[in-house]
Every structure is written in C-alpha cells, then in structure tokens.
$ cat work.txt   # compact mmCIF, C-alpha atoms
# COMPACT_ATOMS: atom_id res chain seq x y z
CA MET A 13 -89.53 154.99 23.54
CA ASP A 14 -89.40 151.20 23.12
CA ARG A 15 -86.30 149.25 24.10
CA PHE A 16 -84.80 149.48 20.61
CA GLU A 17 -85.21 153.26 20.41
CA LEU A 18 -83.94 153.65 23.95
CA ARG A 19 -80.75 151.70 23.25
CA TYR A 20 -79.74 154.18 20.57
CA ALA A 21 -79.42 156.87 23.24
CA ASP A 22 -79.08 155.11 26.60
CA TYR A 23 -75.80 153.45 27.58
CA SER A 24 -76.60 152.86 31.25
CA LEU A 25 -76.32 149.39 32.76
CA SER A 26 -79.06 147.46 34.48
CA ARG A 27 -78.63 146.47 38.12
CA ASP A 28 -77.84 142.91 37.09
CA GLN A 29 -75.17 144.13 34.67
CA GLU A 30 -73.66 146.35 37.35
CA ALA A 31 -73.55 143.34 39.66
CA VAL A 32 -71.70 141.31 37.00
CA ARG A 33 -69.18 144.11 36.46
CA ASP A 34 -68.62 144.62 40.20
CA ALA A 35 -68.18 140.90 40.87
CA PHE A 36 -65.47 140.48 38.25
CA ARG A 37 -63.84 143.78 39.14
CA GLU A 38 -63.47 142.54 42.71
CA PHE A 39 -62.20 139.16 41.50
CA PHE A 40 -59.44 140.64 39.36
CA ALA A 41 -58.53 143.24 42.00
CA ASN A 42 -57.99 140.45 44.54
CA LYS A 43 -56.50 137.81 42.26
CA CYS A 44 -54.50 139.65 39.61
CA PRO A 45 -51.99 142.26 40.81
CA THR A 46 -49.37 143.39 38.31
CA GLU A 47 -46.85 141.05 39.96
CA ARG A 48 -48.96 138.11 38.75
CA VAL A 49 -49.17 139.63 35.27
CA ARG A 50 -45.38 139.89 35.10
CA ALA A 51 -44.93 136.35 36.41
CA ALA A 52 -47.03 135.03 33.49
CA GLU A 53 -44.86 136.66 30.83
CA PRO A 54 -44.02 135.99 28.03
CA LEU A 55 -46.76 133.39 27.49
CA GLY A 56 -49.48 135.52 29.02
CA TYR A 57 -51.23 132.60 30.70
CA ASP A 58 -51.71 131.78 34.35
CA GLU A 59 -53.34 128.35 34.56
CA LYS A 60 -54.39 128.74 38.19
CA LEU A 61 -56.01 132.12 37.48
CA TRP A 62 -57.89 130.63 34.53
CA ARG A 63 -59.12 127.79 36.72
CA GLU A 64 -60.31 130.26 39.36
CA LEU A 65 -62.03 132.37 36.70
CA ALA A 66 -63.74 129.31 35.24
CA ASP A 67 -64.87 128.26 38.71
CA LEU A 68 -66.49 131.70 39.00
CA GLY A 69 -68.51 130.84 35.89
CA ALA A 70 -66.77 133.01 33.29
CA ALA A 71 -66.15 130.18 30.83
CA ALA A 72 -69.83 129.19 30.77
CA MET A 73 -71.71 132.43 31.36
CA GLY A 74 -72.12 133.29 27.66
CA LEU A 75 -73.35 129.84 26.66
CA PRO A 76 -77.03 128.90 26.48
CA GLU A 77 -78.49 127.00 29.42
CA SER A 78 -78.96 123.98 27.16
CA ALA A 79 -75.16 123.85 26.80
CA GLY A 80 -74.46 124.17 30.51
CA GLY A 81 -74.18 127.96 30.49
CA ASP A 82 -75.95 130.87 32.12
CA GLY A 83 -77.37 132.43 28.97
CA ALA A 84 -75.64 135.79 29.53
CA GLY A 85 -75.73 138.28 26.68
CA LEU A 86 -72.84 139.83 24.83
CA VAL A 87 -72.97 143.07 26.84
CA GLU A 88 -72.37 141.09 30.05
CA LEU A 89 -69.37 139.40 28.42
CA LEU A 90 -68.07 142.81 27.36
CA LEU A 91 -68.17 143.93 30.99
CA VAL A 92 -66.05 140.92 32.01
CA ALA A 93 -63.62 141.53 29.15
CA GLU A 94 -63.21 145.15 30.20
CA GLU A 95 -62.35 144.15 33.76
CA ALA A 96 -59.94 141.49 32.49
CA GLY A 97 -58.30 144.08 30.27
CA ALA A 98 -57.98 146.55 33.12
CA ALA A 99 -56.18 143.90 35.16
CA LEU A 100 -54.13 142.73 32.14
CA ALA A 101 -55.32 139.30 33.25
CA PRO A 102 -53.23 136.48 31.70
CA VAL A 103 -56.27 134.34 30.80
CA PRO A 104 -57.76 133.42 27.38
CA PHE A 105 -61.26 134.65 28.27
CA ILE A 106 -61.88 136.51 25.01
CA GLU A 107 -60.74 133.76 22.67
CA HIS A 108 -62.54 131.06 24.63
CA ALA A 109 -65.79 133.02 24.91
CA ALA A 110 -66.02 133.86 21.19
CA ALA A 111 -65.15 130.33 20.03
CA SER A 112 -67.25 128.43 22.57
CA ARG A 113 -70.36 130.53 21.88
CA ALA A 114 -70.06 129.76 18.17
CA LEU A 115 -69.51 126.07 18.90
CA ALA A 116 -72.54 125.85 21.18
CA ASP A 117 -74.68 127.54 18.51
CA VAL A 118 -74.07 124.72 16.02
CA PRO A 119 -76.84 122.09 16.01
CA GLY A 120 -75.38 118.73 16.89
CA ALA A 121 -72.06 120.11 18.13
CA PRO A 122 -69.98 117.46 19.98
CA ALA A 123 -71.57 117.34 23.43
CA GLU A 124 -68.36 116.38 25.24
CA LEU A 125 -66.43 119.25 23.64
CA VAL A 126 -69.17 121.75 24.53
CA ALA A 127 -69.23 120.47 28.12
CA ASP A 128 -65.45 120.72 28.43
CA ALA A 129 -65.58 124.25 27.02
CA ALA A 130 -68.33 125.27 29.45
CA GLY A 131 -66.22 124.06 32.35
CA GLY A 132 -63.06 125.71 31.04
CA ARG A 133 -61.36 122.32 30.99
CA ARG A 134 -60.57 122.58 27.27
CA ILE A 135 -59.62 126.04 26.03
CA LEU A 136 -60.96 127.01 22.62
CA ALA A 137 -59.65 129.67 20.26
CA LEU A 138 -60.84 131.23 17.02
CA ALA A 139 -58.94 131.48 13.74
CA MET A 140 -59.34 135.10 12.67
CA GLU A 141 -59.06 134.37 8.95
CA PRO A 142 -60.46 131.51 6.84
CA ALA A 143 -57.96 128.71 6.41
CA SER A 144 -55.71 129.08 3.39
CA ALA A 145 -54.57 126.25 1.14
CA GLN A 146 -51.56 125.81 3.41
CA GLY A 147 -53.82 126.01 6.48
CA ARG A 148 -51.19 127.72 8.66
CA GLN A 149 -51.98 130.97 10.47
CA LEU A 150 -51.36 132.81 13.72
CA VAL A 151 -54.18 132.20 16.17
CA PRO A 152 -54.80 134.46 19.21
CA GLY A 153 -54.85 132.23 22.28
CA GLY A 154 -53.45 129.40 20.18
CA ALA A 155 -50.51 128.75 22.50
CA VAL A 156 -52.85 127.57 25.27
CA ALA A 157 -55.82 126.23 23.27
CA ARG A 158 -56.24 122.61 22.30
CA SER A 159 -59.10 123.27 19.87
CA VAL A 160 -59.49 126.02 17.27
CA LEU A 161 -62.67 126.97 15.46
CA ALA A 162 -62.05 127.90 11.82
CA MET A 163 -63.58 128.22 8.36
CA SER A 164 -62.21 125.84 5.75
CA GLY A 165 -63.76 126.69 2.42
CA SER A 166 -67.51 126.73 3.08
CA THR A 167 -67.22 124.47 6.14
CA LEU A 168 -67.01 125.45 9.79
CA VAL A 169 -64.54 123.10 11.46
CA VAL A 170 -62.89 122.59 14.81
CA VAL A 171 -59.23 121.55 14.73
CA HIS A 172 -57.79 119.68 17.70
CA ALA A 173 -54.29 119.20 19.07
CA ASP A 174 -53.00 116.93 21.80
CA GLU A 175 -50.84 119.79 23.04
CA PRO A 176 -50.90 123.49 22.10
CA PRO A 177 -48.18 124.61 19.67
CA PRO A 178 -45.31 126.76 20.99
CA LEU A 179 -45.70 130.45 21.67
CA ALA A 180 -45.04 132.91 18.87
CA PRO A 181 -43.25 135.67 20.86
CA ASN A 182 -45.10 138.96 20.64
CA GLN A 183 -45.11 142.44 22.12
CA GLY A 184 -48.42 142.02 23.91
CA SER A 185 -47.35 138.96 25.96
CA THR A 186 -50.42 137.12 24.72
CA PRO A 187 -50.55 133.37 23.91
CA LEU A 188 -50.28 133.72 20.13
CA ALA A 189 -49.25 130.62 18.15
CA TRP A 190 -49.10 129.16 14.66
CA TRP A 191 -51.74 126.51 13.97
CA ASP A 192 -51.91 124.16 11.01
CA LEU A 193 -55.62 124.33 10.24
CA ALA A 194 -55.26 121.69 7.53
CA ASP A 195 -54.36 119.16 10.23
CA SER A 196 -56.15 115.81 10.07
CA GLN A 197 -57.41 116.12 13.66
CA ARG A 198 -60.48 118.11 12.83
CA GLN A 199 -64.24 117.79 12.90
CA GLU A 200 -66.71 119.35 10.48
CA LEU A 201 -69.46 121.25 12.29
CA ALA A 202 -71.55 123.02 9.65
CA GLU A 203 -71.47 123.96 6.00
CA GLY A 204 -72.78 126.66 3.70
CA PRO A 205 -74.21 130.13 4.44
CA ASP A 206 -75.20 129.25 8.00
CA ALA A 207 -71.66 128.14 8.78
CA TRP A 208 -70.22 131.35 7.34
CA ALA A 209 -72.73 133.46 9.29
CA ARG A 210 -71.80 131.76 12.59
CA TYR A 211 -68.11 132.30 11.90
CA GLN A 212 -68.66 135.98 11.09
CA VAL A 213 -70.59 136.50 14.33
CA ALA A 214 -67.82 134.78 16.32
CA ARG A 215 -65.22 136.99 14.68
CA ALA A 216 -67.27 140.12 15.42
CA GLU A 217 -67.69 139.06 19.05
CA TRP A 218 -63.94 138.48 19.36
CA LYS A 219 -63.31 141.99 18.07
CA LEU A 220 -65.79 143.58 20.45
CA LEU A 221 -64.46 141.64 23.44
CA THR A 222 -60.92 142.68 22.54
CA ALA A 223 -62.10 146.28 22.13
CA ALA A 224 -63.67 146.12 25.60
CA ALA A 225 -60.39 144.79 27.04
CA LEU A 226 -58.55 147.69 25.39
CA VAL A 227 -60.99 150.14 27.00
CA GLY A 228 -60.33 148.61 30.41
CA LEU A 229 -56.59 148.66 29.80
CA THR A 230 -56.68 152.34 28.84
CA GLU A 231 -58.72 153.36 31.86
CA ARG A 232 -56.27 151.61 34.19
CA ALA A 233 -53.30 153.18 32.38
CA LEU A 234 -54.96 156.58 32.82
CA GLY A 235 -55.36 155.86 36.53
CA VAL A 236 -51.64 155.16 36.84
CA ALA A 237 -50.82 158.45 35.15
CA VAL A 238 -53.31 160.44 37.23
CA GLU A 239 -51.91 159.05 40.49
CA PHE A 240 -48.42 159.99 39.36
CA ALA A 241 -49.56 163.50 38.38
CA LYS A 242 -51.17 164.01 41.79
CA THR A 243 -48.06 163.07 43.74
CA ARG A 244 -45.17 164.44 41.63
CA GLU A 245 -44.51 168.14 42.18
CA THR A 246 -42.73 170.88 40.28
CA MET A 247 -42.18 174.41 41.56
CA GLY A 248 -44.13 173.49 44.66
CA VAL A 249 -47.34 172.31 42.92
CA PRO A 250 -48.53 168.90 41.69
CA ILE A 251 -47.77 168.47 38.00
CA GLY A 252 -51.42 167.52 37.51
CA SER A 253 -52.38 171.16 38.08
CA LEU A 254 -50.48 172.20 34.95
CA GLN A 255 -52.42 172.50 31.70
CA GLY A 256 -49.75 170.65 29.77
CA VAL A 257 -50.41 167.61 31.97
CA ALA A 258 -54.10 167.92 32.82
CA PHE A 259 -55.38 168.53 29.29
CA PRO A 260 -53.79 165.43 27.68
CA LEU A 261 -55.13 163.29 30.53
CA ALA A 262 -58.59 164.78 30.03
CA ASP A 263 -58.39 163.94 26.32
CA VAL A 264 -57.67 160.31 27.20
CA ALA A 265 -60.65 160.22 29.60
CA ILE A 266 -62.94 161.56 26.87
CA GLY A 267 -61.66 158.92 24.46
CA ILE A 268 -62.29 156.14 26.98
CA SER A 269 -65.89 157.26 27.49
CA GLY A 270 -66.57 157.38 23.76
CA ALA A 271 -64.93 154.02 23.09
CA ARG A 272 -66.83 152.32 25.91
CA ASN A 273 -70.19 153.63 24.70
CA LEU A 274 -69.39 152.59 21.14
CA VAL A 275 -68.39 149.07 22.23
CA TRP A 276 -71.53 148.63 24.34
CA ARG A 277 -73.76 149.89 21.55
CA ALA A 278 -72.10 147.65 18.98
CA GLY A 279 -72.49 144.66 21.30
CA TRP A 280 -76.17 145.30 21.85
CA MET A 281 -76.76 145.82 18.14
CA LEU A 282 -74.87 142.66 17.19
CA GLU A 283 -77.35 140.64 19.25
CA HIS A 284 -80.51 142.54 18.36
CA GLU A 285 -79.96 144.35 15.03
CA PRO A 286 -77.08 142.58 13.23
CA GLU A 287 -77.30 144.70 10.09
CA GLU A 288 -76.70 147.84 12.12
CA ALA A 289 -73.68 146.18 13.72
CA ARG A 290 -72.00 145.72 10.36
CA ARG A 291 -70.44 149.17 10.62
CA LEU A 292 -70.46 149.52 14.40
CA VAL A 293 -68.26 146.50 15.19
CA PRO A 294 -65.26 147.55 13.07
CA ALA A 295 -65.74 151.15 14.20
CA ALA A 296 -65.67 150.09 17.85
CA PHE A 297 -62.57 147.95 17.41
CA ALA A 298 -60.65 150.57 15.40
CA TYR A 299 -61.52 153.37 17.81
CA ALA A 300 -60.75 151.33 20.93
CA ALA A 301 -57.36 150.42 19.44
CA GLN A 302 -56.67 154.09 18.69
CA VAL A 303 -57.73 155.22 22.15
CA ALA A 304 -55.66 152.50 23.82
CA THR A 305 -52.51 153.30 21.90
CA HIS A 306 -52.88 157.03 22.55
CA GLY A 307 -53.87 156.57 26.19
CA ALA A 308 -51.09 154.14 27.08
CA THR A 309 -48.53 156.35 25.33
CA THR A 310 -49.79 159.42 27.20
CA SER A 311 -49.60 157.54 30.49
CA ALA A 312 -45.99 156.58 29.84
CA HIS A 313 -45.06 160.12 28.77
CA MET A 314 -46.55 161.61 31.94
CA GLN A 315 -44.01 159.67 33.99
CA GLY A 316 -41.06 160.80 31.94
CA GLY A 317 -38.17 158.37 31.57
CA LEU A 318 -39.59 156.22 34.36
CA GLY A 319 -42.69 155.45 32.29
CA PHE A 320 -40.68 153.69 29.62
CA THR A 321 -38.69 151.41 31.91
CA ILE A 322 -39.73 147.78 32.16
CA GLU A 323 -40.01 148.17 35.93
CA ALA A 324 -42.83 150.70 35.60
CA ASP A 325 -46.40 149.45 35.38
CA ALA A 326 -47.02 151.99 32.61
CA SER A 327 -44.87 149.86 30.32
CA LEU A 328 -47.17 146.86 30.86
CA TYR A 329 -50.12 148.82 29.49
CA PHE A 330 -48.11 150.43 26.70
CA LEU A 331 -46.84 147.13 25.30
CA ARG A 332 -50.23 145.43 25.47
CA ALA A 333 -52.08 148.38 23.96
CA LYS A 334 -49.79 148.09 20.95
CA GLY A 335 -49.78 144.29 20.81
CA TRP A 336 -53.45 143.50 21.45
CA SER A 337 -54.56 145.99 18.81
CA LEU A 338 -52.76 144.02 16.10
CA LEU A 339 -53.87 140.49 16.93
CA ALA A 340 -56.47 140.49 14.13
CA GLY A 341 -54.34 142.49 11.70
CA ASP A 342 -54.07 146.21 11.01
CA PRO A 343 -56.98 148.17 12.61
CA ALA A 344 -56.89 150.37 9.49
CA GLU A 345 -58.65 147.50 7.73
CA ASP A 346 -61.56 148.00 10.12
CA VAL A 347 -61.74 151.67 9.16
CA ILE A 348 -62.04 150.58 5.53
CA ALA A 349 -64.76 148.11 6.55
CA VAL A 350 -66.72 150.96 8.14
CA ALA A 351 -66.47 152.96 4.92
CA ASP A 352 -67.61 149.96 2.86
CA ALA A 353 -70.61 149.45 5.16
CA LEU A 354 -71.60 153.11 4.94
CA ILE A 355 -71.35 153.08 1.15
CA ALA A 356 -73.40 149.90 0.95
CA ALA A 357 -76.06 151.37 3.27
CA SER A 358 -76.32 154.52 1.18
CA GLY A 359 -76.98 152.53 -1.98
CA CYS A 360 -74.14 154.27 -3.77
CA GLY A 361 -71.76 152.42 -6.03
CA TRP A 362 -68.63 153.21 -7.93

$ encode --input "work.txt" --output "structure tokens"
Amino acid sequence: MDRFELRYADYSLSRDQEAVRDAFREFFANKCPTERVRAAEPLGYDEKLWRELADLGAAAMGLPESAGGDGAGLVELLLVAEEAGAALAPVPFIEHAAASRALADVPGAPAELVADAAGGRRILALAMEPASAQGRQLVPGGAVARSVLAMSGSTLVVVHADEPPPLAPNQGSTPLAWWDLADSQRQELAEGPDAWARYQVARAEWKLLTAAALVGLTERALGVAVEFAKTRETMGVPIGSLQGVAFPLADVAIGISGARNLVWRAGWMLEHEPEEARRLVPAAFAYAAQVATHGATTSAHMQGGLGFTIEADASLYFLRAKGWSLLAGDPAEDVIAVADALIAASGCGW
C-alpha cells in the first residue's frame, strides 16, 4: 500500500511523533498539576506557563520555517493539544496555533506580527464565525489575545487591541471574550475565494485541536475514576471488580480510542486530502465532544457525591468537558454538517 492507502487503516505514530508526544507529556506533568489549573481560574490563563510552553517551541512548531517555525504538521499539533487537554493546561495553545498558521499562510502577511506570533509574544485568536454587521462576537481565547483573525465579508482581516477585552465568564474556565470585529484597528490580509479557503482551514484546525484536547481530557478523567475504583472497596472487594463499575469505564475507554483515531485521521486528511476531511472534521469534533461529556460524567458518578464537589479533580474535567464542547456552538451543528457532506458526496439532492 502507498502512504495514502496506508493512512486509511494505520493510526500508529512515527518515532518522531512519539517523541513530540512524550516531550510535551513530560512538560505538562512537571509544570501543570491541578493546583496550577485551579489557581488560573476563572480566566483559564497562566502567563508564566504560556511563556514556558512558548520557550519549548509550541507557539512556533506549526509554522513554516520561512516564518520562524519548525514546519510541524497538523498531527504533531494534535498530539500537543491532547497533552494540553489532559493537563487542563491554562494556555491558549489551540487558538494561537490555528490563527497563527492561517496568518503565516497569507502572502505578504505583516512580518512583525508573524514573528511575534512565532515567539508567543503576541497571542492570536480566531473568530469562529464571519463578522456580522455589528461585528461583535464571542471569541475563544479572546480574553488573552491582542489580535483576532476573522472574515469580514469576502476579506480575511486581523483585528488588533491594545489590551484584551474582559473575560466572559463561562463554565469551562477558558479565556472567552466579546470582540468588536468592526473595530478600526484592523488590517486586511487577503480577499476572495483564497481568503475564505484559508479561514475555513483555520476553523477546521481549531475544531480538530479542540477535539484532541477533549480526548486528552477524557482519558485523564477516566484515569481518575479508575484509580478511585481500584482503591475504594465494598463488601471487601474493590468497586472496580463490579460489573456495574467496570463496564461503564470500559465503554469510556472504547470511546476514547475511537475518538482519538478519528481525530488523527481527520487531521491527516485535512492536510493531504481536504475533500475527504469535509465530513471527517465535523464528525471528529462532534464525537470527541460526546465522548468527553459522557466520560467526564461517568468519572464523576464513579466517585459518588465526592465526584461532584468542587474540591474533587473530577469536577475540573466535568466542567471543562461541558464548556469546551460549546465554544464553537452546538456540536449538533457538526452532525448536520456530516450529513450534508455525505449527501453531497453521494450526488443526491432533495
């Protein structure tokens, strides 16, 4: 089989990809305990952690070498996002990666802005919907970003602010904020079909990176539940030996495996076979959101009343599974997008 045929069936990582995953897993294990996650609430941003992550190369790794990056592919970025999600890391990696990659892809993009993005000195975010006539919308990462990439009509623009707007409080403790995308402090980057295509790719990458973070979150939530089930006893046996506990946990593990493979496949296809990714990206996001919500809920239930207290780590995963899944709107819209893509591919009409 050639590499394209192989990728339809093979989800294994290369040695280089495993090295990337292991490096960031170790970084977050050492630098981001749950105490640090709690300390960053409700904004969901730890400036020192972001600086350390940028120094490790995370802000630049997905950019081309011509823009000061390492030329890493989307799958490598998905591995980082999964580890960040597992740690619930209060850093805007996903928003910055999606927006900065789109910016660097624009011919003649402002060199200073690209350089600042590559170094993590200026955080970028992505508007998830085209700007309306009023121009105001909630932007993921907008409470810490000073530049937002957006579509305004047929023009791809970047909107700047001297200081990020205030946090819009949210369940996921993520730096969500209202941005006025009609603001005068903006630069036009590109126009027409090419501009729209770049924006659509950036939006798809944001969804896949968020889906990867949800997979990591769910796996860590499952680990919390499993550890609890191994140590808590009833009638002289660990509760994990009971079918009513073991089977739901096994269901979550199966969901995690399926969601991870779907996210990786969608990421690879988005870079190599974009048409195929048209249905895979929304499917990956919708399924990862479903798995995360179910998995985090199961983890909390396994710990009884303790699991739903704010002191329990399970609550951290539960709240973020719910909140992160809704940052781009209702995941049910992605299910509809999958159906539309399948209908279009079949050549059927109404």

$ residues_around --input "work.txt" --residues "Arg63 in chain A" --least-positions-apart "5" --cutoff "9 Å" --atoms "only C-alpha atoms" --output "number ranges by chain"
A: 58, 68, 132-133

$ residues_around --input "work.txt" --residues "Asn42 in chain A" --least-positions-apart "6" --cutoff "12 Å" --atoms "only C-alpha atoms" --output "PyMOL selection string"
chain A and resi 35-36+48+61+64-65+99+101

$ atom_distance --input "work.txt" --atom1 "CA of Ala295 in chain A" --atom2 "CA of Leu226 in chain A"
13.7 Å

$ residues_around --input "work.txt" --residues "Ala52 in chain A" --least-positions-apart "3" --cutoff "12 Å" --atoms "all atoms listed in the file" --output "MDAnalysis selection string"
chainID A and resid 44:49 55:62 100:103 184:187

$ closest_atom_pairs --input "work.txt" --of "range 241-303 of chain A" --to "range 190-212 of chain A" --cutoff "12 Å" --atoms "only C-alpha atoms" --output "tab-separated table"
residue	atom	partner	partner_atom	distance
A:Leu282	CA	A:Gln212	CA	11.0
A:Pro286	CA	A:Ala209	CA	10.8
A:Ala289	CA	A:Gln212	CA	11.7
A:Arg290	CA	A:Gln212	CA	10.3
A:Val293	CA	A:Gln212	CA	11.3

$ closest_residue --input "work.txt" --among "A:Gly307, A:Pro76, A:Pro181, A:Gly97" --to "Ala237 in chain A" --atoms "all atoms listed in the file"
A:Gly307

$ closest_atom_pairs --input "work.txt" --of "range 209-264 of chain A" --to "range 327-331 of chain A" --cutoff "12 Å" --atoms "only C-alpha atoms" --output "JSON lines"
{"residue": "A:Ala225", "atom": "CA", "partner": "A:Tyr329", "partner_atom": "CA", "distance": 11.3}
{"residue": "A:Leu226", "atom": "CA", "partner": "A:Tyr329", "partner_atom": "CA", "distance": 9.4}
{"residue": "A:Val227", "atom": "CA", "partner": "A:Tyr329", "partner_atom": "CA", "distance": 11.2}
{"residue": "A:Gly228", "atom": "CA", "partner": "A:Tyr329", "partner_atom": "CA", "distance": 10.3}
{"residue": "A:Leu229", "atom": "CA", "partner": "A:Tyr329", "partner_atom": "CA", "distance": 6.5}
{"residue": "A:Thr230", "atom": "CA", "partner": "A:Tyr329", "partner_atom": "CA", "distance": 7.5}
{"residue": "A:Glu231", "atom": "CA", "partner": "A:Tyr329", "partner_atom": "CA", "distance": 10.0}
{"residue": "A:Arg232", "atom": "CA", "partner": "A:Tyr329", "partner_atom": "CA", "distance": 8.2}
{"residue": "A:Ala233", "atom": "CA", "partner": "A:Tyr329", "partner_atom": "CA", "distance": 6.1}
{"residue": "A:Leu234", "atom": "CA", "partner": "A:Tyr329", "partner_atom": "CA", "distance": 9.7}
{"residue": "A:Gly235", "atom": "CA", "partner": "A:Tyr329", "partner_atom": "CA", "distance": 11.3}
{"residue": "A:Val236", "atom": "CA", "partner": "A:Tyr329", "partner_atom": "CA", "distance": 9.8}
{"residue": "A:Ala237", "atom": "CA", "partner": "A:Tyr329", "partner_atom": "CA", "distance": 11.2}

$ residues_around --input "work.txt" --residues "Gly256 in chain A" --least-positions-apart "4" --cutoff "12 Å" --atoms "all atoms listed in the file" --output "ChimeraX atom specification"
/A:241,251-252,260-263,310,313-314

$ closest_residue --input "work.txt" --among "A:Met281, A:Leu150, A:Leu220, A:Val264" --to "Thr305 in chain A" --atoms "all atoms listed in the file"
A:Val264

$ atom_distance --input "work.txt" --atom1 "CA of Gly147 in chain A" --atom2 "CA of Val213 in chain A"
21.3 Å

$ decode --input "work.txt" --residues "range 30-51 of chain A" --atoms "N, CA, C and O atoms" --output "mmCIF file, in the first residue's frame"
data_model
loop_
_atom_site.group_PDB
_atom_site.id
_atom_site.type_symbol
_atom_site.label_atom_id
_atom_site.label_comp_id
_atom_site.auth_asym_id
_atom_site.auth_seq_id
_atom_site.Cartn_x
_atom_site.Cartn_y
_atom_site.Cartn_z
ATOM 1 N N GLU A 30 6.033 10.188 18.278
ATOM 2 C CA GLU A 30 6.041 9.704 19.662
ATOM 3 C C GLU A 30 6.945 10.561 20.546
ATOM 4 O O GLU A 30 6.620 10.835 21.705
ATOM 5 N N ALA A 31 8.060 11.005 19.972
ATOM 6 C CA ALA A 31 8.979 11.858 20.728
ATOM 7 C C ALA A 31 8.332 13.199 21.057
ATOM 8 O O ALA A 31 8.499 13.728 22.165
ATOM 9 N N VAL A 32 7.581 13.758 20.093
ATOM 10 C CA VAL A 32 6.857 15.011 20.337
ATOM 11 C C VAL A 32 5.843 14.819 21.461
ATOM 12 O O VAL A 32 5.774 15.613 22.408
ATOM 13 N N ARG A 33 5.044 13.770 21.354
ATOM 14 C CA ARG A 33 4.030 13.498 22.376
ATOM 15 C C ARG A 33 4.671 13.330 23.752
ATOM 16 O O ARG A 33 4.209 13.918 24.744
ATOM 17 N N ASP A 34 5.744 12.545 23.826
ATOM 18 C CA ASP A 34 6.378 12.266 25.124
ATOM 19 C C ASP A 34 6.997 13.525 25.731
ATOM 20 O O ASP A 34 6.942 13.722 26.952
ATOM 21 N N ALA A 35 7.572 14.376 24.880
ATOM 22 C CA ALA A 35 8.196 15.601 25.384
ATOM 23 C C ALA A 35 7.163 16.524 26.021
ATOM 24 O O ALA A 35 7.386 17.065 27.116
ATOM 25 N N PHE A 36 6.028 16.696 25.359
ATOM 26 C CA PHE A 36 5.009 17.591 25.905
ATOM 27 C C PHE A 36 4.246 16.937 27.061
ATOM 28 O O PHE A 36 3.786 17.634 27.974
ATOM 29 N N ARG A 37 4.132 15.622 27.024
ATOM 30 C CA ARG A 37 3.512 14.943 28.168
ATOM 31 C C ARG A 37 4.340 15.163 29.430
ATOM 32 O O ARG A 37 3.799 15.452 30.502
ATOM 33 N N GLU A 38 5.653 15.040 29.275
ATOM 34 C CA GLU A 38 6.544 15.268 30.419
ATOM 35 C C GLU A 38 6.487 16.725 30.871
ATOM 36 O O GLU A 38 6.472 17.015 32.076
ATOM 37 N N PHE A 39 6.444 17.646 29.911
ATOM 38 C CA PHE A 39 6.379 19.069 30.258
ATOM 39 C C PHE A 39 5.142 19.364 31.104
ATOM 40 O O PHE A 39 5.239 19.986 32.171
ATOM 41 N N PHE A 40 3.982 18.932 30.627
ATOM 42 C CA PHE A 40 2.751 19.245 31.357
ATOM 43 C C PHE A 40 2.673 18.494 32.690
ATOM 44 O O PHE A 40 2.126 19.018 33.668
ATOM 45 N N ALA A 41 3.223 17.278 32.740
ATOM 46 C CA ALA A 41 3.233 16.532 34.005
ATOM 47 C C ALA A 41 4.044 17.267 35.061
ATOM 48 O O ALA A 41 3.676 17.298 36.248
ATOM 49 N N ASN A 42 5.150 17.876 34.636
ATOM 50 C CA ASN A 42 6.026 18.575 35.578
ATOM 51 C C ASN A 42 5.550 19.989 35.905
ATOM 52 O O ASN A 42 5.751 20.479 37.022
ATOM 53 N N LYS A 43 4.933 20.637 34.918
ATOM 54 C CA LYS A 43 4.634 22.058 35.054
ATOM 55 C C LYS A 43 3.169 22.379 35.376
ATOM 56 O O LYS A 43 2.876 23.502 35.794
ATOM 57 N N CYS A 44 2.274 21.422 35.187
ATOM 58 C CA CYS A 44 0.858 21.782 35.296
ATOM 59 C C CYS A 44 0.054 20.800 36.149
ATOM 60 O O CYS A 44 -0.811 20.073 35.625
ATOM 61 N N PRO A 45 0.299 20.768 37.447
ATOM 62 C CA PRO A 45 -0.569 19.982 38.335
ATOM 63 C C PRO A 45 -1.932 20.658 38.448
ATOM 64 O O PRO A 45 -2.102 21.817 38.048
ATOM 65 N N THR A 46 -2.901 19.955 38.982
ATOM 66 C CA THR A 46 -4.249 20.515 39.078
ATOM 67 C C THR A 46 -4.286 21.751 39.968
ATOM 68 O O THR A 46 -5.162 22.611 39.797
ATOM 69 N N GLU A 47 -3.346 21.867 40.898
ATOM 70 C CA GLU A 47 -3.305 23.071 41.739
ATOM 71 C C GLU A 47 -3.057 24.320 40.873
ATOM 72 O O GLU A 47 -3.629 25.389 41.129
ATOM 73 N N ARG A 48 -2.236 24.172 39.855
ATOM 74 C CA ARG A 48 -1.953 25.299 38.965
ATOM 75 C C ARG A 48 -3.163 25.600 38.081
ATOM 76 O O ARG A 48 -3.423 26.764 37.760
ATOM 77 N N VAL A 49 -3.885 24.570 37.706
ATOM 78 C CA VAL A 49 -5.115 24.760 36.924
ATOM 79 C C VAL A 49 -6.128 25.552 37.738
ATOM 80 O O VAL A 49 -6.735 26.508 37.242
ATOM 81 N N ARG A 50 -6.307 25.179 38.994
ATOM 82 C CA ARG A 50 -7.264 25.874 39.853
ATOM 83 C C ARG A 50 -6.844 27.322 40.097
ATOM 84 O O ARG A 50 -7.683 28.226 40.141
ATOM 85 N N ALA A 51 -5.536 27.540 40.246
ATOM 86 C CA ALA A 51 -5.044 28.887 40.520
ATOM 87 C C ALA A 51 -5.309 29.831 39.349
ATOM 88 O O ALA A 51 -5.398 31.052 39.537
#
